[in-house]
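Here the structure is laid out as structure tokens; the discussion comes afterwards.
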Amino acid sequence: MLSQKLQDGLNGQLNFELYSAYVYLSMANYLESLNLKGMAHWMDLQAREELEHAGKFITHINDRGGRVLLRQIDGPKTEWKSPLEAFEEAYRHECEVSARINGLVDLSINEKDHAANAFLQWFVTEQVEEEANVLDIVEKLKMVGDRTTGLFMIDRELSKRGEA
Ligand code: FEO
């Protein structure tokens, strides 16, 4: 059985995962508006992954006899100055997710909840990959700068992303 504190924390993260999906869906449509379809595709898959993450929180809360409480999801930003700015923001967003997951791990330790701790370890590992993937794109975008050819090469590369 989940403690009230952990139930609140897990529900908070569930909301943040749904918000993350909203953020990436918004970025996907910004990139689509620039006709960068490969980058839009990458962001669209990222949004779907966030929905899967939200699903994992729902399953865990329910399996532990807790109560899933859905709250209002904040509206995401809709415009960025450049693809680089959008991906940089995606990177900062993932760092924020990691910090929140770490906070929940701390809470699971304080609450002596080993099941929640084991559940959260999957996210600890996942966040390493999530941060690294976006950072890799940020670095490449910085390298090509304003050069259109480079931008289209990255766009083509990102179009190849498959479902996780
Ligand atoms: Fe669910 Fe991208 O963190």
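Residue numbers start at 1 in each chain; chains themselves are named A, B, ... in the order of the structure tokens; ligands are numbered from 1 in the order shown.
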
Check which residues fall inside 8 Å of ligand 1 when counting only C-alpha atoms and all ligand atoms, and print them as a CSV table (one decimal) with N, CA, C and O atoms, in the first residue's frame.
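As a result, pocket28.csv now contains:
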chain,number,residue,atom,x,y,z
A,17,GLU,N,4.5,13.8,-16.7
A,17,GLU,CA,4.8,13.0,-17.9
A,17,GLU,C,3.8,13.4,-18.9
A,17,GLU,O,4.1,13.5,-20.1
A,20,SER,N,4.8,16.6,-20.3
A,20,SER,CA,6.0,16.4,-21.2
A,20,SER,C,5.5,16.0,-22.6
A,20,SER,O,6.0,16.5,-23.6
A,46,GLN,N,8.8,11.1,-29.3
A,46,GLN,CA,9.1,11.4,-28.0
A,46,GLN,C,7.9,11.7,-27.1
A,46,GLN,O,7.8,11.2,-26.0
A,49,GLU,N,6.4,8.4,-26.2
A,49,GLU,CA,7.1,7.8,-25.1
A,49,GLU,C,6.7,8.3,-23.8
A,49,GLU,O,6.6,7.6,-22.8
A,50,GLU,N,6.4,9.6,-23.8
A,50,GLU,CA,6.0,10.2,-22.5
A,50,GLU,C,4.6,9.7,-22.1
A,50,GLU,O,4.4,9.5,-20.9
A,51,LEU,N,3.8,9.4,-23.0
A,51,LEU,CA,2.5,8.8,-22.7
A,51,LEU,C,2.6,7.4,-22.1
A,51,LEU,O,1.9,7.0,-21.2
A,53,HIS,N,5.3,6.5,-20.5
A,53,HIS,CA,5.8,6.7,-19.1
A,53,HIS,C,4.6,7.0,-18.1
A,53,HIS,O,4.6,6.5,-17.0
A,54,ALA,N,3.7,7.9,-18.6
A,54,ALA,CA,2.5,8.2,-17.8
A,54,ALA,C,1.8,6.9,-17.5
A,54,ALA,O,1.3,6.7,-16.3
A,93,HIS,N,14.3,20.3,-20.3
A,93,HIS,CA,13.1,19.6,-19.7
A,93,HIS,C,13.4,18.2,-19.2
A,93,HIS,O,12.9,17.8,-18.1
A,94,GLU,N,14.2,17.5,-19.9
A,94,GLU,CA,14.6,16.1,-19.5
A,94,GLU,C,15.4,16.2,-18.2
A,94,GLU,O,15.3,15.3,-17.3
A,97,VAL,N,13.0,16.5,-15.5
A,97,VAL,CA,12.3,15.2,-15.3
A,97,VAL,C,13.3,14.4,-14.4
A,97,VAL,O,12.8,13.8,-13.4
A,98,SER,N,14.6,14.3,-14.7
A,98,SER,CA,15.5,13.5,-13.9
A,98,SER,C,15.5,14.0,-12.5
A,98,SER,O,15.6,13.2,-11.6
A,123,PHE,N,13.1,4.3,-14.2
A,123,PHE,CA,13.1,5.7,-14.7
A,123,PHE,C,14.5,6.3,-14.5
A,123,PHE,O,14.9,7.2,-15.3
A,126,GLU,N,16.3,5.1,-17.5
A,126,GLU,CA,15.7,5.7,-18.7
A,126,GLU,C,16.1,7.2,-18.9
A,126,GLU,O,16.4,7.6,-20.0
A,127,GLN,N,16.2,7.9,-17.8
A,127,GLN,CA,16.6,9.3,-17.9
A,127,GLN,C,18.0,9.6,-18.4
A,127,GLN,O,18.2,10.6,-19.0
A,130,GLU,N,17.4,9.4,-22.0
A,130,GLU,CA,16.6,10.5,-22.4
A,130,GLU,C,17.5,11.8,-22.6
A,130,GLU,O,17.4,12.5,-23.6
A,131,GLU,N,18.3,12.0,-21.5
A,131,GLU,CA,19.1,13.2,-21.6
A,131,GLU,C,20.2,13.1,-22.7
A,131,GLU,O,20.4,14.1,-23.4

Please provide the set of residues having any atom within 9 Å of Met27 in chain A, restricted to only C-alpha atoms, with same-chain residues fewer than 4 positions apart removed, written as a PDB file with all heavy atoms, in the first residue's frame.
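In the end it all went to out.pdb:
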ATOM      1  N   TYR A  22       2.750  16.775 -23.938  1.00  0.00           N
ATOM      2  CA  TYR A  22       2.184  18.008 -24.504  1.00  0.00           C
ATOM      3  C   TYR A  22       3.290  18.915 -25.042  1.00  0.00           C
ATOM      4  O   TYR A  22       3.172  19.480 -26.123  1.00  0.00           O
ATOM      5  CB  TYR A  22       1.444  18.738 -23.374  1.00  0.00           C
ATOM      6  CG  TYR A  22      -0.017  18.986 -23.607  1.00  0.00           C
ATOM      7  CD1 TYR A  22      -0.818  18.045 -24.257  1.00  0.00           C
ATOM      8  CD2 TYR A  22      -0.611  20.166 -23.160  1.00  0.00           C
ATOM      9  CE1 TYR A  22      -2.165  18.290 -24.447  1.00  0.00           C
ATOM     10  CE2 TYR A  22      -1.963  20.407 -23.350  1.00  0.00           C
ATOM     11  CZ  TYR A  22      -2.732  19.473 -23.997  1.00  0.00           C
ATOM     12  OH  TYR A  22      -4.043  19.724 -24.189  1.00  0.00           O
ATOM     13  N   VAL A  23       4.377  19.063 -24.267  1.00  0.00           N
ATOM     14  CA  VAL A  23       5.509  19.910 -24.669  1.00  0.00           C
ATOM     15  C   VAL A  23       6.099  19.398 -25.981  1.00  0.00           C
ATOM     16  O   VAL A  23       6.321  20.164 -26.930  1.00  0.00           O
ATOM     17  CB  VAL A  23       6.599  19.938 -23.568  1.00  0.00           C
ATOM     18  CG1 VAL A  23       7.895  20.559 -24.077  1.00  0.00           C
ATOM     19  CG2 VAL A  23       6.102  20.688 -22.339  1.00  0.00           C
ATOM     20  N   LEU A  31       8.091  22.204 -35.465  1.00  0.00           N
ATOM     21  CA  LEU A  31       9.063  21.726 -36.451  1.00  0.00           C
ATOM     22  C   LEU A  31       8.373  21.375 -37.774  1.00  0.00           C
ATOM     23  O   LEU A  31       8.905  21.614 -38.857  1.00  0.00           O
ATOM     24  CB  LEU A  31       9.826  20.520 -35.886  1.00  0.00           C
ATOM     25  CG  LEU A  31      10.730  20.874 -34.687  1.00  0.00           C
ATOM     26  CD1 LEU A  31      11.098  19.637 -33.884  1.00  0.00           C
ATOM     27  CD2 LEU A  31      11.994  21.600 -35.155  1.00  0.00           C
ATOM     28  N   GLU A  32       7.176  20.835 -37.659  1.00  0.00           N
ATOM     29  CA  GLU A  32       6.365  20.537 -38.854  1.00  0.00           C
ATOM     30  C   GLU A  32       6.091  21.838 -39.625  1.00  0.00           C
ATOM     31  O   GLU A  32       6.139  21.867 -40.855  1.00  0.00           O
ATOM     32  CB  GLU A  32       5.050  19.878 -38.395  1.00  0.00           C
ATOM     33  CG  GLU A  32       4.098  19.471 -39.494  1.00  0.00           C
ATOM     34  CD  GLU A  32       4.549  18.240 -40.277  1.00  0.00           C
ATOM     35  OE1 GLU A  32       5.095  17.306 -39.653  1.00  0.00           O
ATOM     36  OE2 GLU A  32       4.346  18.247 -41.507  1.00  0.00           O
ATOM     37  N   ALA A  40      10.259  16.662 -36.676  1.00  0.00           N
ATOM     38  CA  ALA A  40       8.873  16.585 -36.168  1.00  0.00           C
ATOM     39  C   ALA A  40       8.535  15.143 -35.807  1.00  0.00           C
ATOM     40  O   ALA A  40       7.931  14.870 -34.760  1.00  0.00           O
ATOM     41  CB  ALA A  40       7.901  17.122 -37.212  1.00  0.00           C
ATOM     42  N   MET A  43      10.191  14.210 -32.507  1.00  0.00           N
ATOM     43  CA  MET A  43       9.475  14.796 -31.366  1.00  0.00           C
ATOM     44  C   MET A  43       8.130  14.110 -31.128  1.00  0.00           C
ATOM     45  O   MET A  43       7.689  13.946 -29.993  1.00  0.00           O
ATOM     46  CB  MET A  43       9.220  16.289 -31.601  1.00  0.00           C
ATOM     47  CG  MET A  43      10.385  17.171 -31.262  1.00  0.00           C
ATOM     48  SD  MET A  43      10.801  17.159 -29.492  1.00  0.00           S
ATOM     49  CE  MET A  43      12.197  18.293 -29.527  1.00  0.00           C
ATOM     50  N   ASP A  44       7.494  13.711 -32.232  1.00  0.00           N
ATOM     51  CA  ASP A  44       6.210  13.031 -32.102  1.00  0.00           C
ATOM     52  C   ASP A  44       6.382  11.696 -31.370  1.00  0.00           C
ATOM     53  O   ASP A  44       5.602  11.357 -30.472  1.00  0.00           O
ATOM     54  CB  ASP A  44       5.620  12.813 -33.502  1.00  0.00           C
ATOM     55  CG  ASP A  44       4.194  12.322 -33.435  1.00  0.00           C
ATOM     56  OD1 ASP A  44       3.381  12.999 -32.774  1.00  0.00           O
ATOM     57  OD2 ASP A  44       3.892  11.267 -34.025  1.00  0.00           O
ATOM     58  N   PRO A  76       1.451  23.989 -23.177  1.00  0.00           N
ATOM     59  CA  PRO A  76       2.879  24.152 -23.496  1.00  0.00           C
ATOM     60  C   PRO A  76       3.136  25.408 -24.303  1.00  0.00           C
ATOM     61  O   PRO A  76       2.209  26.002 -24.856  1.00  0.00           O
ATOM     62  CB  PRO A  76       3.168  22.919 -24.345  1.00  0.00           C
ATOM     63  CG  PRO A  76       1.885  22.658 -25.060  1.00  0.00           C
ATOM     64  CD  PRO A  76       0.771  23.106 -24.140  1.00  0.00           C
ATOM     65  N   LYS A  77       4.411  25.793 -24.370  1.00  0.00           N
ATOM     66  CA  LYS A  77       4.848  26.866 -25.249  1.00  0.00           C
ATOM     67  C   LYS A  77       4.583  26.425 -26.693  1.00  0.00           C
ATOM     68  O   LYS A  77       4.560  25.216 -26.974  1.00  0.00           O
ATOM     69  CB  LYS A  77       6.359  27.024 -25.022  1.00  0.00           C
ATOM     70  CG  LYS A  77       6.921  28.367 -25.313  1.00  0.00           C
ATOM     71  CD  LYS A  77       8.337  28.390 -24.729  1.00  0.00           C
ATOM     72  CE  LYS A  77       9.301  28.916 -25.755  1.00  0.00           C
ATOM     73  NZ  LYS A  77      10.658  29.037 -25.240  1.00  0.00           N
ATOM     74  N   THR A  78       4.387  27.374 -27.600  1.00  0.00           N
ATOM     75  CA  THR A  78       4.075  26.978 -28.977  1.00  0.00           C
ATOM     76  C   THR A  78       5.073  27.498 -30.015  1.00  0.00           C
ATOM     77  O   THR A  78       5.048  27.073 -31.163  1.00  0.00           O
ATOM     78  CB  THR A  78       2.660  27.480 -29.370  1.00  0.00           C
ATOM     79  OG1 THR A  78       2.594  28.880 -29.085  1.00  0.00           O
ATOM     80  CG2 THR A  78       1.582  26.752 -28.596  1.00  0.00           C
ATOM     81  N   GLU A  79       5.929  28.424 -29.616  1.00  0.00           N
ATOM     82  CA  GLU A  79       6.888  28.994 -30.581  1.00  0.00           C
ATOM     83  C   GLU A  79       8.302  28.963 -30.018  1.00  0.00           C
ATOM     84  O   GLU A  79       8.497  29.185 -28.816  1.00  0.00           O
ATOM     85  CB  GLU A  79       6.530  30.465 -30.886  1.00  0.00           C
ATOM     86  CG  GLU A  79       5.233  30.660 -31.656  1.00  0.00           C
ATOM     87  CD  GLU A  79       5.283  30.105 -33.070  1.00  0.00           C
ATOM     88  OE1 GLU A  79       6.394  29.979 -33.638  1.00  0.00           O
ATOM     89  OE2 GLU A  79       4.206  29.781 -33.601  1.00  0.00           O
ATOM     90  N   TRP A  80       9.256  28.712 -30.911  1.00  0.00           N
ATOM     91  CA  TRP A  80      10.675  28.781 -30.563  1.00  0.00           C
ATOM     92  C   TRP A  80      11.387  29.568 -31.662  1.00  0.00           C
ATOM     93  O   TRP A  80      10.854  29.685 -32.770  1.00  0.00           O
ATOM     94  CB  TRP A  80      11.259  27.365 -30.440  1.00  0.00           C
ATOM     95  CG  TRP A  80      10.709  26.661 -29.236  1.00  0.00           C
ATOM     96  CD1 TRP A  80      11.270  26.629 -27.987  1.00  0.00           C
ATOM     97  CD2 TRP A  80       9.472  25.926 -29.139  1.00  0.00           C
ATOM     98  NE1 TRP A  80      10.460  25.916 -27.129  1.00  0.00           N
ATOM     99  CE2 TRP A  80       9.348  25.471 -27.810  1.00  0.00           C
ATOM    100  CE3 TRP A  80       8.461  25.604 -30.039  1.00  0.00           C
ATOM    101  CZ2 TRP A  80       8.267  24.726 -27.364  1.00  0.00           C
ATOM    102  CZ3 TRP A  80       7.374  24.864 -29.604  1.00  0.00           C
ATOM    103  CH2 TRP A  80       7.285  24.434 -28.275  1.00  0.00           C
ATOM    104  N   PRO A  83      15.072  25.504 -34.456  1.00  0.00           N
ATOM    105  CA  PRO A  83      15.073  24.108 -34.002  1.00  0.00           C
ATOM    106  C   PRO A  83      16.046  23.917 -32.828  1.00  0.00           C
ATOM    107  O   PRO A  83      15.736  23.202 -31.885  1.00  0.00           O
ATOM    108  CB  PRO A  83      15.540  23.325 -35.235  1.00  0.00           C
ATOM    109  CG  PRO A  83      15.158  24.178 -36.390  1.00  0.00           C
ATOM    110  CD  PRO A  83      15.295  25.601 -35.919  1.00  0.00           C
ATOM    111  N   ALA A  86      14.468  24.859 -29.622  1.00  0.00           N
ATOM    112  CA  ALA A  86      13.473  23.858 -29.190  1.00  0.00           C
ATOM    113  C   ALA A  86      14.168  22.645 -28.569  1.00  0.00           C
ATOM    114  O   ALA A  86      13.774  22.170 -27.493  1.00  0.00           O
ATOM    115  CB  ALA A  86      12.611  23.435 -30.385  1.00  0.00           C
ATOM    116  N   PHE A  87      15.213  22.155 -29.226  1.00  0.00           N
ATOM    117  CA  PHE A  87      15.901  20.970 -28.692  1.00  0.00           C
ATOM    118  C   PHE A  87      16.659  21.292 -27.396  1.00  0.00           C
ATOM    119  O   PHE A  87      16.761  20.448 -26.511  1.00  0.00           O
ATOM    120  CB  PHE A  87      16.826  20.346 -29.749  1.00  0.00           C
ATOM    121  CG  PHE A  87      16.077  19.434 -30.700  1.00  0.00           C
ATOM    122  CD1 PHE A  87      15.570  19.907 -31.898  1.00  0.00           C
ATOM    123  CD2 PHE A  87      15.845  18.100 -30.379  1.00  0.00           C
ATOM    124  CE1 PHE A  87      14.860  19.081 -32.773  1.00  0.00           C
ATOM    125  CE2 PHE A  87      15.137  17.251 -31.232  1.00  0.00           C
ATOM    126  CZ  PHE A  87      14.646  17.750 -32.441  1.00  0.00           C
ATOM    127  N   ALA A  90      14.135  21.085 -24.864  1.00  0.00           N
ATOM    128  CA  ALA A  90      13.807  19.674 -24.602  1.00  0.00           C
ATOM    129  C   ALA A  90      14.853  19.068 -23.662  1.00  0.00           C
ATOM    130  O   ALA A  90      14.519  18.289 -22.754  1.00  0.00           O
ATOM    131  CB  ALA A  90      13.748  18.895 -25.915  1.00  0.00           C
TER     132      ALA A  90
END

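Proximity to Arg48 in chain A was assessed for A:Ile61, A:Leu36, A:Leu18, A:Ile154 counting only C-alpha atoms; the smallest distance is recorded for A:Leu18.
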
As a PyMOL selection string, please: the residues near range 132-148 of chain A (cut-off 6 Å, only C-alpha atoms, same-chain neighbours under 3 positions excluded). chain A and resi 84+87+91+129+151

Atomic distance CA of Thr149 in chain A - CA of Lys81 in chain A, expressed in Å with one decimal: 18.8 Å

Excluding range 3-6 of chain A and its own-chain neighbours fewer than 3 positions away, which residues fall within 10 Å of it when counting only C-alpha atoms? Please give them as a list in words.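 Selected residues are Gly9, Leu10, Asn11, Gly12, Ile61, Arg64, Gly66, Arg67, Leu104, Val105, Leu107, Ser108, Asn110, Glu111, Lys112, Asp113 and Ala116 of chain A.
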
Polymer residues at most 12 Å from Asp63 in chain A, only C-alpha atoms, same-chain spacing of 4 or more positions, as a list in words: Met1, Leu2, Gln7, Lys56, Phe57, Ile58, Thr59, Arg67, Val68, Ala115, Ala116 and Phe119 of chain A

Excluding Ile73 in chain A and its own-chain neighbours fewer than 2 positions away, which residues fall within 7 Å of it when counting only C-alpha atoms? Please give them as JSON, numbers by chain. {"A": [15, 19, 71, 75]}

Keeping only N, CA and C atoms, write the selected residues to a file as a CSV table (one decimal), in the first residue's frame.
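Done, and the output landed in again_11.csv:
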chain,number,residue,atom,x,y,z
A,15,ASN,N,1.3,13.5,-13.8
A,15,ASN,CA,0.9,14.8,-14.4
A,15,ASN,C,2.0,15.4,-15.3
A,19,TYR,N,2.3,16.3,-19.2
A,19,TYR,CA,2.7,17.6,-19.6
A,19,TYR,C,3.9,17.5,-20.6
A,71,ARG,N,-5.1,15.5,-13.0
A,71,ARG,CA,-5.2,16.9,-12.8
A,71,ARG,C,-5.1,17.7,-14.1
A,75,GLY,N,-0.8,24.3,-20.4
A,75,GLY,CA,-0.6,24.4,-21.8
A,75,GLY,C,0.9,24.6,-22.1

CA of Gly65 in chain A sits from CA of Glu96 in chain A at a separation of 28.0 Å

For the alpha helix (DSSP H) assignment from backbone DSSP, which residues of chain A qualify? Please present them as a VMD selection string. chain A and resid 4 to 33 37 to 63 83 to 110 114 to 144 148 to 158

I need the chosen residues saved as a CSV table (one decimal), in the first residue's frame, with C-alpha atoms.
chain,number,residue,atom,x,y,z
A,4,GLN,CA,-0.3,9.3,1.0
A,5,LYS,CA,3.0,11.2,0.4
A,6,LEU,CA,4.1,8.7,-2.2
A,7,GLN,CA,0.7,8.6,-3.8
A,8,ASP,CA,0.8,12.4,-4.1
A,9,GLY,CA,4.3,12.3,-5.5
A,10,LEU,CA,3.6,9.6,-8.1
A,11,ASN,CA,0.4,11.4,-9.2
A,12,GLY,CA,2.5,14.6,-9.5
A,13,GLN,CA,4.9,12.8,-11.8
A,14,LEU,CA,2.1,11.3,-13.8
A,15,ASN,CA,0.9,14.8,-14.4
A,16,PHE,CA,4.4,15.9,-15.4
A,17,GLU,CA,4.8,13.0,-17.9
A,18,LEU,CA,1.5,14.0,-19.5
A,19,TYR,CA,2.7,17.6,-19.6
A,20,SER,CA,6.0,16.4,-21.2
A,21,ALA,CA,4.0,14.7,-23.9
A,22,TYR,CA,2.2,18.0,-24.5
A,23,VAL,CA,5.5,19.9,-24.7
A,24,TYR,CA,7.0,17.5,-27.2
A,25,LEU,CA,3.8,17.4,-29.3
A,26,SER,CA,3.9,21.2,-29.4
A,27,MET,CA,7.6,21.1,-30.5
A,28,ALA,CA,6.7,18.5,-33.1
A,29,ASN,CA,4.1,20.8,-34.7
A,30,TYR,CA,6.5,23.8,-34.5
A,31,LEU,CA,9.1,21.7,-36.5
A,32,GLU,CA,6.4,20.5,-38.9
A,33,SER,CA,5.6,24.2,-39.5
A,37,LYS,CA,9.5,16.5,-41.0
A,38,GLY,CA,12.3,14.3,-39.7
A,39,MET,CA,12.7,16.4,-36.5
A,40,ALA,CA,8.9,16.6,-36.2
A,41,HIS,CA,8.7,12.8,-36.4
A,42,TRP,CA,11.4,12.5,-33.7
A,43,MET,CA,9.5,14.8,-31.4
A,44,ASP,CA,6.2,13.0,-32.1
A,45,LEU,CA,7.7,9.7,-31.0
A,46,GLN,CA,9.1,11.4,-28.0
A,47,ALA,CA,5.6,12.6,-27.1
A,48,ARG,CA,4.3,9.0,-27.4
A,49,GLU,CA,7.1,7.8,-25.1
A,50,GLU,CA,6.0,10.2,-22.5
A,51,LEU,CA,2.5,8.8,-22.7
A,52,GLU,CA,3.9,5.4,-22.1
A,53,HIS,CA,5.8,6.7,-19.1
A,54,ALA,CA,2.5,8.2,-17.8
A,55,GLY,CA,1.0,4.7,-18.3
A,56,LYS,CA,3.6,3.1,-16.2
A,57,PHE,CA,2.8,5.5,-13.3
A,58,ILE,CA,-0.9,4.7,-13.7
A,59,THR,CA,-0.3,1.0,-13.5
A,60,HIS,CA,2.0,1.2,-10.5
A,61,ILE,CA,-0.3,3.5,-8.5
A,62,ASN,CA,-3.3,1.1,-9.2
A,63,ASP,CA,-1.3,-2.1,-8.6
A,83,PRO,CA,15.1,24.1,-34.0
A,84,LEU,CA,18.2,24.5,-31.8
A,85,GLU,CA,16.2,26.5,-29.2
A,86,ALA,CA,13.5,23.9,-29.2
A,87,PHE,CA,15.9,21.0,-28.7
A,88,GLU,CA,17.8,22.9,-26.0
A,89,GLU,CA,14.6,23.4,-24.2
A,90,ALA,CA,13.8,19.7,-24.6
A,91,TYR,CA,17.2,18.9,-23.0
A,92,ARG,CA,16.5,21.2,-20.1
A,93,HIS,CA,13.1,19.6,-19.7
A,94,GLU,CA,14.6,16.1,-19.5
A,95,CYS,CA,17.0,17.4,-16.8
A,96,GLU,CA,14.0,18.6,-14.9
A,97,VAL,CA,12.3,15.2,-15.3
A,98,SER,CA,15.5,13.5,-13.9
A,99,ALA,CA,15.6,15.9,-10.9
A,100,ARG,CA,11.9,15.0,-10.2
A,101,ILE,CA,12.6,11.3,-10.5
A,102,ASN,CA,15.5,11.6,-8.1
A,103,GLY,CA,13.3,13.4,-5.7
A,104,LEU,CA,10.8,10.6,-5.8
A,105,VAL,CA,13.5,8.0,-5.3
A,106,ASP,CA,14.6,10.0,-2.1
A,107,LEU,CA,10.9,10.0,-1.0
A,108,SER,CA,10.6,6.2,-1.6
A,109,ILE,CA,13.7,5.7,0.6
A,110,ASN,CA,12.3,8.0,3.4
A,114,HIS,CA,11.0,-0.8,-1.6
A,115,ALA,CA,8.4,-1.6,-4.3
A,116,ALA,CA,8.2,2.1,-5.3
A,117,ASN,CA,12.0,2.3,-5.2
A,118,ALA,CA,12.3,-0.6,-7.6
A,119,PHE,CA,9.7,0.8,-9.9
A,120,LEU,CA,11.4,4.2,-10.0
A,121,GLN,CA,14.8,2.6,-10.8
A,122,TRP,CA,13.6,1.9,-14.3
A,123,PHE,CA,13.1,5.7,-14.7
A,124,VAL,CA,16.5,6.5,-13.3
A,125,THR,CA,18.1,4.4,-16.0
A,126,GLU,CA,15.7,5.7,-18.7
A,127,GLN,CA,16.6,9.3,-17.9
A,128,VAL,CA,20.3,8.8,-18.6
A,129,GLU,CA,19.2,7.8,-22.1
A,130,GLU,CA,16.6,10.5,-22.4
A,131,GLU,CA,19.1,13.2,-21.6
A,132,ALA,CA,21.9,11.7,-23.8
A,133,ASN,CA,19.7,11.4,-26.8
A,134,VAL,CA,18.5,15.0,-26.8
A,135,LEU,CA,22.0,16.4,-25.9
A,136,ASP,CA,23.4,14.5,-28.9
A,137,ILE,CA,20.9,16.4,-31.2
A,138,VAL,CA,21.6,19.7,-29.5
A,139,GLU,CA,25.4,19.3,-30.1
A,140,LYS,CA,24.8,18.4,-33.8
A,141,LEU,CA,22.5,21.4,-34.3
A,142,LYS,CA,25.2,23.7,-32.7
A,143,MET,CA,27.8,22.3,-35.1
A,144,VAL,CA,25.8,23.0,-38.3
A,148,THR,CA,20.8,24.6,-44.4
A,149,THR,CA,22.5,21.5,-45.8
A,150,GLY,CA,23.5,20.4,-42.3
A,151,LEU,CA,20.1,21.1,-41.0
A,152,PHE,CA,18.5,18.9,-43.7
A,153,MET,CA,21.1,16.1,-43.0
A,154,ILE,CA,20.1,16.1,-39.3
A,155,ASP,CA,16.4,16.2,-40.3
A,156,ARG,CA,16.9,13.1,-42.5
A,157,GLU,CA,18.8,11.3,-39.7
A,158,LEU,CA,16.0,12.0,-37.2
